[in-house]
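Participant: My structure is in target_5.cif, and what it holds is mmCIF, C-alpha atoms:
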data_final
loop_
_atom_site.label_atom_id
_atom_site.label_comp_id
_atom_site.auth_asym_id
_atom_site.auth_seq_id
_atom_site.Cartn_x
_atom_site.Cartn_y
_atom_site.Cartn_z
CA MET E 1 2.87 19.00 15.19
CA ILE E 2 1.21 15.63 15.04
CA GLU E 3 2.81 12.25 14.48
CA PHE E 4 0.62 9.81 12.61
CA HIS E 5 0.48 6.08 13.12
CA LEU E 6 -1.30 3.38 11.21
CA ASP E 7 -3.13 0.24 12.23
CA THR E 8 -3.13 -1.97 9.16
CA ARG E 9 -5.17 -4.68 10.87
CA SER E 10 -8.07 -2.40 11.82
CA GLY E 11 -9.77 -2.60 8.42
CA VAL E 12 -10.19 1.19 8.46
CA ALA E 13 -8.89 2.81 5.27
CA PRO E 14 -5.49 4.43 5.93
CA TYR E 15 -6.62 7.91 4.78
CA LEU E 16 -9.54 7.74 7.23
CA GLN E 17 -7.15 6.81 10.03
CA LEU E 18 -5.11 9.94 9.29
CA ILE E 19 -8.27 12.10 9.34
CA HIS E 20 -9.39 10.52 12.64
CA GLN E 21 -6.04 11.26 14.20
CA VAL E 22 -6.14 14.92 13.18
CA ARG E 23 -9.69 15.34 14.50
CA GLN E 24 -8.75 13.53 17.70
CA ALA E 25 -5.72 15.79 18.19
CA LEU E 26 -7.92 18.84 17.55
CA ARG E 27 -10.48 17.68 20.08
CA LEU E 28 -7.82 17.09 22.72
CA GLY E 29 -6.18 20.41 22.01
CA LEU E 30 -2.94 18.74 20.85
CA LEU E 31 -3.34 20.51 17.52
CA ARG E 32 -4.49 24.10 17.32
CA GLU E 33 -5.38 26.65 14.72
CA GLY E 34 -2.24 27.75 12.88
CA ASP E 35 -0.29 24.55 13.53
CA ARG E 36 1.41 23.06 10.48
CA LEU E 37 0.61 19.48 9.58
CA PRO E 38 3.57 17.32 8.53
CA THR E 39 4.31 17.43 4.80
CA VAL E 40 3.07 14.70 2.49
CA LYS E 41 6.66 13.56 2.08
CA GLU E 42 7.17 13.36 5.85
CA VAL E 43 4.02 11.33 6.40
CA ALA E 44 4.49 9.05 3.37
CA GLY E 45 8.14 8.48 4.21
CA GLY E 46 7.51 8.02 7.91
CA LEU E 47 4.73 5.48 7.57
CA ALA E 48 5.94 3.96 4.27
CA ILE E 49 2.54 4.66 2.74
CA ASN E 50 1.47 5.93 -0.65
CA PRO E 51 1.66 9.75 -0.88
CA ASN E 52 -1.78 9.77 -2.53
CA THR E 53 -3.21 8.39 0.71
CA VAL E 54 -1.86 11.41 2.58
CA LEU E 55 -3.04 13.82 -0.12
CA LYS E 56 -6.52 12.30 0.04
CA ALA E 57 -6.66 12.75 3.82
CA TYR E 58 -5.44 16.35 3.60
CA ARG E 59 -7.92 17.17 0.82
CA GLU E 60 -10.72 15.77 2.96
CA LEU E 61 -9.57 17.88 5.93
CA GLU E 62 -9.55 20.93 3.67
CA TYR E 63 -13.03 20.09 2.45
CA GLU E 64 -14.21 19.88 6.06
CA GLY E 65 -12.68 23.28 6.69
CA LEU E 66 -10.23 21.94 9.26
CA ALA E 67 -7.07 22.63 7.28
CA ALA E 68 -5.84 24.74 4.39
CA ALA E 69 -2.89 24.27 2.07
CA LYS E 70 -0.54 27.19 1.54
CA PRO E 71 1.32 26.37 -1.69
CA GLY E 72 5.03 25.92 -1.10
CA VAL E 73 4.68 26.29 2.67
CA GLY E 74 2.54 23.43 3.89
CA THR E 75 -0.87 22.50 5.19
CA PHE E 76 -2.12 24.35 8.25
CA VAL E 77 -4.85 23.79 10.79
CA THR E 78 -7.54 26.42 10.29
CA LYS E 79 -10.01 25.51 12.97
CA THR E 80 -10.02 24.35 16.52
CA LEU E 81 -12.48 21.69 17.57
CA THR E 82 -12.12 22.30 21.28
CA ASP E 83 -13.50 25.83 21.75
CA ASP E 84 -13.96 26.61 25.45
CA SER E 85 -14.85 23.03 26.28
CA ILE E 86 -11.14 22.18 26.60
CA ALA E 87 -11.20 23.74 30.07
CA ALA E 88 -13.71 21.12 31.12
CA HIS E 89 -11.50 18.21 29.99
CA ALA E 90 -9.31 17.99 33.08
CA PRO E 91 -12.09 17.85 35.72
CA LEU E 92 -14.11 15.45 33.55
CA ARG E 93 -11.10 13.18 33.19
CA GLU E 94 -10.60 13.25 36.96
CA GLU E 95 -14.19 12.28 37.58
CA LEU E 96 -13.91 9.49 35.05
CA ASP E 97 -10.75 8.25 36.75
CA GLU E 98 -12.59 8.18 40.05
CA TRP E 99 -15.50 6.36 38.49
CA LEU E 100 -13.09 3.81 36.97
CA SER E 101 -11.47 3.23 40.37
CA ARG E 102 -14.90 2.67 41.91
CA ALA E 103 -15.83 0.25 39.12
CA ARG E 104 -12.60 -1.72 39.62
CA ALA E 105 -13.07 -1.70 43.39
CA ALA E 106 -16.53 -3.16 42.81
CA GLY E 107 -14.83 -6.04 40.98
CA LEU E 108 -15.54 -5.13 37.35
CA ASP E 109 -12.95 -6.21 34.82
CA ASP E 110 -11.99 -4.17 31.74
CA GLU E 111 -14.47 -5.91 29.54
CA SER E 112 -17.39 -5.27 31.91
CA ILE E 113 -16.38 -1.62 32.28
CA GLU E 114 -16.31 -1.20 28.52
CA ALA E 115 -19.69 -2.94 28.22
CA ILE E 116 -21.25 -0.56 30.74
CA PHE E 117 -19.77 2.44 29.01
CA ARG E 118 -20.88 1.32 25.58
CA SER E 119 -24.41 0.46 26.65
CA THR E 120 -24.79 3.79 28.46
CA PHE E 121 -23.10 5.97 25.86
CA ARG E 122 -25.44 7.10 23.10
CA PRO E 123 -24.15 9.37 20.38
CA GLN E 124 -26.04 12.66 20.30
CA PRO E 125 -28.30 12.90 17.29
CA GLN E 126 -26.78 14.76 14.33
CA GLU E 127 -23.34 14.73 15.82
CA ASP E 128 -20.78 14.45 13.03
CA ALA E 129 -19.87 10.84 12.83
CA VAL E 130 -16.33 10.71 11.37
CA MET X 1 -0.12 11.12 -20.35
CA ALA X 2 0.96 7.72 -21.68
CA ALA X 3 0.27 4.71 -19.49
CA ALA X 4 3.20 3.49 -17.41
CA LEU X 5 2.75 0.04 -18.88
CA GLU X 6 0.41 -1.30 -21.52
CA ALA X 7 0.34 -4.96 -22.51
CA ASP X 8 -1.83 -6.48 -25.20
CA GLY X 9 -2.01 -10.24 -25.57
CA LEU X 10 1.50 -10.37 -24.17
CA GLY X 11 3.09 -13.79 -23.78
CA LYS X 12 6.50 -15.32 -23.25
CA GLN X 13 7.26 -18.95 -23.94
CA TYR X 14 10.30 -20.95 -22.83
CA GLY X 15 10.40 -24.25 -24.69
CA ARG X 16 6.93 -25.65 -24.17
CA LYS X 17 6.18 -23.69 -21.03
CA TRP X 18 4.48 -20.31 -21.04
CA ALA X 19 6.05 -18.12 -18.37
CA LEU X 20 3.47 -15.45 -19.13
CA ALA X 21 0.36 -15.91 -21.23
CA ASP X 22 -2.36 -13.72 -22.69
CA CYS X 23 -1.51 -10.71 -20.57
CA THR X 24 -3.60 -7.66 -21.37
CA LEU X 25 -3.49 -4.77 -18.93
CA THR X 26 -2.95 -1.05 -18.53
CA VAL X 27 -1.08 0.40 -15.59
CA PRO X 28 -1.78 4.12 -15.31
CA ALA X 29 1.12 6.53 -14.84
CA GLY X 30 1.76 8.17 -11.49
CA ARG X 31 0.87 5.08 -9.48
CA VAL X 32 2.73 2.76 -7.20
CA THR X 33 1.74 -0.61 -8.58
CA GLY X 34 2.17 -3.85 -6.70
CA LEU X 35 2.68 -6.95 -8.82
CA VAL X 36 1.86 -9.86 -6.56
CA GLY X 37 1.70 -13.58 -7.01
CA PRO X 38 3.36 -16.77 -5.81
CA ASN X 39 6.94 -17.58 -6.73
CA GLY X 40 7.14 -18.77 -10.31
CA ALA X 41 3.93 -17.00 -11.35
CA GLY X 42 5.65 -14.95 -14.06
CA LYS X 43 6.29 -11.70 -12.21
CA THR X 44 9.97 -11.49 -13.15
CA THR X 45 9.14 -12.40 -16.75
CA LEU X 46 6.63 -9.53 -16.97
CA LEU X 47 9.12 -7.07 -15.44
CA ASN X 48 11.91 -8.24 -17.75
CA LEU X 49 9.61 -7.76 -20.74
CA ALA X 50 8.90 -4.23 -19.46
CA THR X 51 12.60 -3.37 -19.25
CA GLY X 52 13.34 -4.89 -22.66
CA MET X 53 15.66 -7.59 -21.33
CA LEU X 54 13.27 -10.14 -22.78
CA ALA X 55 11.40 -9.97 -26.08
CA PRO X 56 7.77 -11.12 -26.19
CA THR X 57 6.78 -14.39 -27.91
CA THR X 58 3.28 -13.08 -28.58
CA GLY X 59 1.52 -9.75 -28.31
CA SER X 60 3.03 -6.40 -27.50
CA ILE X 61 4.11 -4.27 -24.58
CA ARG X 62 4.60 -0.51 -24.38
CA VAL X 63 6.23 1.25 -21.49
CA LEU X 64 5.62 5.01 -21.12
CA GLY X 65 4.42 4.90 -24.72
CA GLY X 66 7.63 3.36 -26.09
CA VAL X 67 8.84 -0.11 -26.96
CA PRO X 68 11.04 -1.53 -24.15
CA GLY X 69 14.73 -1.69 -24.99
CA SER X 70 14.20 0.18 -28.25
CA GLY X 71 17.05 2.65 -27.69
CA PRO X 72 18.79 5.08 -25.36
CA ALA X 73 15.75 7.35 -25.01
CA GLN X 74 13.66 4.45 -23.72
CA LEU X 75 16.41 3.15 -21.42
CA ARG X 76 16.76 6.60 -19.91
CA LYS X 77 13.09 6.71 -18.90
CA VAL X 78 13.13 3.45 -16.96
CA GLY X 79 14.97 2.65 -13.76
CA PHE X 80 15.31 -0.99 -12.84
CA VAL X 81 16.38 -2.82 -9.71
CA ALA X 82 16.65 -6.55 -10.38
CA GLN X 83 15.82 -9.28 -7.91
CA ASP X 84 18.04 -9.34 -4.79
CA THR X 85 19.12 -5.75 -5.49
CA PRO X 86 22.47 -6.55 -7.14
CA THR X 87 25.51 -4.32 -6.65
CA TYR X 88 29.17 -4.71 -7.63
CA ALA X 89 30.85 -6.35 -4.65
CA ALA X 90 34.37 -5.08 -5.41
CA LEU X 91 33.32 -1.50 -6.07
CA SER X 92 32.93 1.15 -3.39
CA ILE X 93 29.76 3.21 -2.99
CA ALA X 94 31.58 6.16 -4.57
CA ASP X 95 32.57 3.95 -7.54
CA HIS X 96 28.94 2.99 -7.97
CA LEU X 97 27.92 6.63 -8.09
CA HIS X 98 30.73 7.49 -10.58
CA PHE X 99 29.60 4.63 -12.74
CA GLY X 100 25.98 5.76 -12.51
CA ALA X 101 26.94 9.31 -13.48
CA ALA X 102 28.94 8.10 -16.49
CA ALA X 103 26.30 5.68 -17.73
CA ASN X 104 23.19 7.83 -17.27
CA PRO X 105 22.66 11.17 -19.06
CA GLY X 106 19.93 12.25 -16.62
CA TRP X 107 22.00 11.43 -13.50
CA ASP X 108 21.47 13.76 -10.55
CA ALA X 109 24.63 13.58 -8.43
CA GLY X 110 22.98 15.76 -5.76
CA ILE X 111 20.18 13.27 -5.17
CA ALA X 112 22.65 10.38 -5.06
CA SER X 113 25.05 11.90 -2.53
CA ALA X 114 22.22 13.30 -0.38
CA ARG X 115 20.71 9.83 -0.10
CA ILE X 116 24.04 8.20 0.77
CA ARG X 117 24.55 10.87 3.46
CA ALA X 118 21.03 10.39 4.82
CA LEU X 119 21.71 6.65 5.05
CA ARG X 120 24.93 7.47 6.95
CA LEU X 121 26.98 5.33 4.61
CA ASP X 122 30.70 5.81 4.01
CA PRO X 123 31.28 6.40 0.26
CA ALA X 124 34.61 4.55 0.50
CA GLN X 125 32.87 1.40 1.71
CA LYS X 126 32.98 -1.58 -0.67
CA ALA X 127 29.56 -2.96 -1.62
CA ALA X 128 30.62 -6.42 -0.43
CA LYS X 129 30.85 -5.07 3.12
CA LEU X 130 27.32 -3.64 3.15
CA SER X 131 24.39 -5.31 4.89
CA GLY X 132 21.49 -6.59 2.81
CA GLY X 133 19.42 -3.54 3.69
CA GLN X 134 22.27 -1.16 2.81
CA ARG X 135 22.86 -2.90 -0.53
CA ALA X 136 19.15 -2.58 -1.32
CA GLN X 137 19.31 1.12 -0.43
CA LEU X 138 22.37 1.58 -2.66
CA ALA X 139 20.61 -0.12 -5.59
CA LEU X 140 17.54 2.07 -4.97
CA THR X 141 19.75 5.17 -4.84
CA MET X 142 21.28 4.27 -8.22
CA ALA X 143 17.84 3.79 -9.76
CA ILE X 144 16.44 7.03 -8.29
CA ALA X 145 19.44 9.23 -9.16
CA LYS X 146 19.03 8.32 -12.80
CA GLN X 147 15.71 10.19 -12.52
CA PRO X 148 13.53 7.73 -14.36
CA GLU X 149 9.87 8.25 -15.19
CA LEU X 150 9.18 4.66 -14.25
CA LEU X 151 10.93 2.70 -11.54
CA ILE X 152 10.71 -1.09 -11.76
CA LEU X 153 11.67 -3.12 -8.69
CA ASP X 154 11.72 -6.91 -8.75
CA GLU X 155 11.09 -8.36 -5.26
CA PRO X 156 13.07 -5.55 -3.63
CA VAL X 157 12.21 -6.43 -0.04
CA ALA X 158 11.92 -10.22 -0.16
CA SER X 159 15.36 -10.89 1.30
CA LEU X 160 15.37 -8.04 3.84
CA ASP X 161 14.70 -8.22 7.57
CA PRO X 162 11.58 -6.37 8.80
CA LEU X 163 13.42 -3.19 9.78
CA ALA X 164 15.39 -2.95 6.51
CA ARG X 165 12.15 -3.70 4.66
CA ARG X 166 10.37 -0.82 6.37
CA GLU X 167 13.30 1.54 5.75
CA PHE X 168 13.40 0.59 2.08
CA LEU X 169 9.67 1.24 1.64
CA GLN X 170 9.95 4.51 3.58
CA ALA X 171 12.67 5.64 1.16
CA LEU X 172 10.52 4.59 -1.77
CA ALA X 173 7.41 6.40 -0.45
CA GLU X 174 9.48 9.52 0.17
CA THR X 175 10.82 9.42 -3.39
CA VAL X 176 7.35 9.04 -4.84
CA ALA X 177 6.15 12.02 -2.79
CA GLU X 178 9.08 14.10 -3.97
CA GLN X 179 9.46 13.22 -7.64
CA GLU X 180 6.70 12.52 -10.07
CA LEU X 181 7.36 8.98 -11.05
CA SER X 182 5.52 5.72 -11.54
CA VAL X 183 6.62 2.62 -9.69
CA VAL X 184 5.99 -1.04 -10.37
CA LEU X 185 7.25 -3.38 -7.68
CA SER X 186 6.75 -7.10 -7.30
CA SER X 187 6.40 -9.21 -4.19
CA HIS X 188 5.13 -12.65 -3.36
CA LEU X 189 3.62 -11.21 -0.16
CA VAL X 190 1.02 -8.48 -0.54
CA ALA X 191 1.33 -7.62 3.16
CA ASP X 192 4.88 -6.41 2.47
CA ILE X 193 3.84 -3.78 -0.02
CA GLU X 194 0.15 -3.01 0.51
CA ARG X 195 0.77 0.20 2.45
CA VAL X 196 2.69 1.78 -0.35
CA CYS X 197 0.71 0.53 -3.38
CA ASP X 198 -2.37 2.19 -4.82
CA TYR X 199 -2.66 -0.15 -7.80
CA LEU X 200 -2.48 -3.91 -7.78
CA ILE X 201 -1.90 -6.71 -10.28
CA VAL X 202 -2.42 -10.31 -9.18
CA LEU X 203 -0.48 -12.75 -11.33
CA VAL X 204 -0.92 -16.49 -10.79
CA ALA X 205 0.33 -19.30 -13.01
CA SER X 206 1.40 -17.07 -15.90
CA ARG X 207 -1.90 -15.22 -16.01
CA VAL X 208 -3.21 -11.92 -14.71
CA ARG X 209 -6.12 -12.79 -12.42
CA ILE X 210 -7.14 -9.23 -11.59
CA ALA X 211 -5.72 -5.74 -11.88
CA GLY X 212 -7.05 -2.46 -10.60
CA GLU X 213 -6.95 0.43 -8.19
CA VAL X 214 -6.60 -0.81 -4.62
CA THR X 215 -9.55 1.22 -3.26
CA GLU X 216 -11.78 -0.01 -6.10
CA LEU X 217 -10.71 -3.61 -5.57
CA LEU X 218 -11.50 -3.36 -1.86
CA ALA X 219 -14.86 -1.69 -2.54
CA SER X 220 -15.98 -4.28 -5.10
CA HIS X 221 -15.07 -7.41 -3.15
CA HIS X 222 -16.95 -8.73 -0.13
CA LEU X 223 -16.71 -11.59 2.31
CA LEU X 224 -20.07 -13.25 2.82
CA THR X 225 -21.15 -15.86 5.30
CA GLY X 226 -24.54 -17.50 5.18
CA PRO X 227 -26.48 -20.74 5.14
CA ARG X 228 -24.93 -23.51 3.12
CA SER X 229 -25.82 -22.91 -0.52
CA GLU X 230 -24.86 -24.25 -3.88
CA GLU X 231 -23.25 -21.67 -6.12
CA ASP X 232 -25.98 -21.79 -8.77
CA SER X 233 -28.56 -20.74 -6.17
CA LEU X 234 -26.79 -17.44 -5.55
CA PRO X 235 -27.52 -14.10 -7.26
CA GLY X 236 -26.22 -13.94 -10.81
CA ASP X 237 -24.43 -10.61 -10.36
CA TRP X 238 -22.15 -12.13 -7.72
CA GLU X 239 -18.91 -13.25 -9.25
CA ILE X 240 -17.72 -15.93 -6.86
CA ILE X 241 -13.97 -15.85 -6.47
CA GLN X 242 -13.72 -18.33 -3.65
CA ALA X 243 -16.25 -20.52 -1.86
CA SER X 244 -15.88 -22.80 1.10
CA HIS X 245 -18.57 -24.93 2.71
CA VAL X 246 -18.23 -26.06 6.30
CA GLY X 247 -21.10 -27.69 8.18
CA ARG X 248 -24.23 -25.64 7.63
CA GLN X 249 -22.31 -22.58 6.55
CA THR X 250 -21.00 -21.25 3.26
CA SER X 251 -18.31 -18.56 3.09
CA LEU X 252 -17.75 -16.66 -0.12
CA LEU X 253 -15.39 -14.11 -1.56
CA VAL X 254 -17.58 -12.27 -4.01
CA ARG X 255 -16.89 -9.61 -6.58
CA ALA X 256 -19.87 -7.39 -7.32
CA ALA X 257 -20.19 -3.96 -8.89
CA GLY X 258 -23.09 -2.76 -6.72
CA PRO X 259 -23.97 -3.17 -3.07
CA VAL X 260 -24.28 -6.77 -1.89
CA LYS X 261 -27.30 -7.70 0.21
CA LYS X 262 -29.08 -10.97 0.83
CA PRO X 263 -31.25 -11.85 3.83
CA GLY X 264 -29.53 -14.22 6.19
CA TRP X 265 -26.05 -13.37 4.89
CA ALA X 266 -23.42 -11.40 6.77
CA VAL X 267 -21.36 -9.09 4.58
CA ASP X 268 -17.86 -8.13 5.66
CA LYS X 269 -15.12 -6.02 4.19
CA VAL X 270 -12.20 -7.93 2.77
CA SER X 271 -8.56 -7.21 3.45
CA LEU X 272 -6.22 -6.88 0.51
CA GLU X 273 -4.35 -9.97 1.66
CA ASP X 274 -7.52 -12.11 1.74
CA LEU X 275 -8.51 -10.75 -1.65
CA VAL X 276 -5.18 -11.77 -3.17
CA LEU X 277 -5.26 -15.17 -1.47
CA GLY X 278 -8.78 -15.67 -2.82
CA TYR X 279 -7.58 -15.17 -6.38
CA MET X 280 -4.61 -17.43 -5.78
CA SER X 281 -6.79 -20.28 -4.53
CA GLN X 282 -9.28 -19.66 -7.33
CA ALA X 283 -6.45 -20.22 -9.77
CA ALA X 284 -5.43 -23.33 -7.88
CA GLY X 285 -8.96 -24.76 -7.96
CA GLY X 286 -9.60 -23.88 -11.60
CA THR X 287 -8.95 -25.80 -14.78
CA THR X 288 -5.19 -25.63 -14.43
CA ALA X 289 -5.21 -27.02 -10.91
CA GLY X 290 -2.62 -29.68 -11.60
CA LEU X 291 0.03 -27.13 -12.47
CA LEU X 292 -0.70 -24.88 -9.59
CA THR X 293 -1.24 -26.53 -6.29
CA GLY X 294 2.41 -26.21 -5.37
CA ALA X 295 2.80 -22.62 -6.43
CA ALA X 296 -0.39 -21.25 -4.93
CA ARG X 297 -0.21 -23.27 -1.71
#
In structure tokens, write the structure found in this file.

Facilitator:
Amino acid sequence: MIEFHLDTRSGVAPYLQLIHQVRQALRLGLLREGDRLPTVKEVAGGLAINPNTVLKAYRELEYEGLAAAKPGVGTFVTKTLTDDSIAAHAPLREELDEWLSRARAAGLDDESIEAIFRSTFRPQPQEDAV
Amino acid sequence: MAAALEADGLGKQYGRKWALADCTLTVPAGRVTGLVGPNGAGKTTLLNLATGMLAPTTGSIRVLGGVPGSGPAQLRKVGFVAQDTPTYAALSIADHLHFGAAANPGWDAGIASARIRALRLDPAQKAAKLSGGQRAQLALTMAIAKQPELLILDEPVASLDPLARREFLQALAETVAEQELSVVLSSHLVADIERVCDYLIVLVASRVRIAGEVTELLASHHLLTGPRSEEDSLPGDWEIIQASHVGRQTSLLVRAAGPVKKPGWAVDKVSLEDLVLGYMSQAAGGTTAGLLTGAAR
């Protein structure tokens, strides 16, 4: 199960924030195929947001093939975004941690670290952007 | 499906003052509509016209296809929570629910008692002993248990602390998800209600300044910053809601149907709060400025 949160100051439409969070959870393996997403009532009531916002997010996830609604039962995750790459997460995270320690030891502050990352990181062409 | 609310040339006059003037709008059914504007803008007048507690001076209003206050059938369709969520101080919660059951043919006792249980309230408790948030929840429970098609709430969260405010809106959002009903709620702060609303009416100085679907409003308004310019030198399809000139720079809140692009100008998305404030200050700077500076800040 996933628990949604909302950043009202971000300027990102609330339904897009919900979609992001589902995709993020799928990528990190926190949500897997067959998992039930919280009901529209649970999400709307929990975040005090309009139920149509939740419906819109869920419809979009269905359209992307990531979730499917079973009438009367709920909305379920139908696809995993991690595949076998999830196994690589832990060692990669360790290496990144080491790299971060080295960067801090070299005297870089958070802002400089982020700047290096951002200027080095280039999205792969044709990678889905959402 | 009939519109939740339909006003045509609607106006209400008290003595020489118009509390609401020339109000023409359609609020679609199935929406949560926020009615926002400064205090004294006419929000309560519009809501009281919708419930039938006031009769219009000019024009007409229809609620769910019927004339407000025209009879029991109309009363049954509309739930109303007045400003400051009034309850009967000397009556217990259980008394309130008995009263609700006796007065409302469509009363669902199951919904009422389930909500009181979920709120962990003691039915024997007198309303006078409840906190502000609990009183608001009791008033909401009464309005929901009557199973209306339209729920009208006048400044329901204005007097609540942030936690009680959130809990009230959570309960409201849950109800909307569960039952098919339309909601119109007013607030002088759009930030309080913007999460839950998908339709918005901005009312300033007795007049509707703009009304529409929240996503459409956000998509059709833009914040622009560019070199200092006079308004008549700007593209004609930009409707300028608000303009400010500082030094060499001009900042605009613009309404435009299509995409907005002009070399040398930065285009930013607008938040709902800035959009509403833009319309409020537009009203303040317009022809009726003298009346408004206090109300619109």

Participant: What do you get, as a VMD selection string, if you spell out every residue that the PyMOL selection byres ((chain E) within 7 of (chain X)) selects here?

Facilitator: chain E and resid 11 40 to 41 44 to 51

Participant: Using the chain letters and residue numbers of this document, give as a compact mmCIF listing (two decimals) with C-alpha atoms, in the frame of the given file the residues selected by the PyMOL selection byres ((chain X and resi 60-67) around 7).

Facilitator:
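And here is the file that came out, part05.txt:
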# COMPACT_ATOMS: atom_id res chain seq x y z
CA ALA X 2 0.96 7.72 -21.68
CA ALA X 3 0.27 4.71 -19.49
CA ALA X 4 3.20 3.49 -17.41
CA LEU X 5 2.75 0.04 -18.88
CA GLU X 6 0.41 -1.30 -21.52
CA ALA X 7 0.34 -4.96 -22.51
CA ASP X 8 -1.83 -6.48 -25.20
CA GLY X 9 -2.01 -10.24 -25.57
CA LEU X 10 1.50 -10.37 -24.17
CA ALA X 50 8.90 -4.23 -19.46
CA PRO X 56 7.77 -11.12 -26.19
CA THR X 58 3.28 -13.08 -28.58
CA GLY X 59 1.52 -9.75 -28.31
CA PRO X 68 11.04 -1.53 -24.15
CA GLY X 69 14.73 -1.69 -24.99
CA SER X 70 14.20 0.18 -28.25
CA GLN X 74 13.66 4.45 -23.72

Participant: Grab the atom CA of Arg9 of chain E to atom CA of Leu31 of chain E distance for me, in Å with one decimal place.

Facilitator: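 For atom CA of Arg9 of chain E relative to atom CA of Leu31 of chain E, the distance reads 26.1 Å.
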
Participant: Using only C-alpha atoms, which protein or nucleic acid residues come within 12 Å of Lys70 of chain E? Drop anything in the same chain fewer than 4 positions from it, and give the result as a PyMOL selection string.

Facilitator: chain E and resi 34+36-37+39+62+74-78

Participant: If we count all atoms listed in the file, what is near Lys129 of chain X at a cut-off of 10 Å, once residues fewer than 3 positions away on the same chain are taken out, given as JSON, numbers by chain?

Facilitator: {"X": [89, 90, 92, 125, 126, 132, 134, 135]}
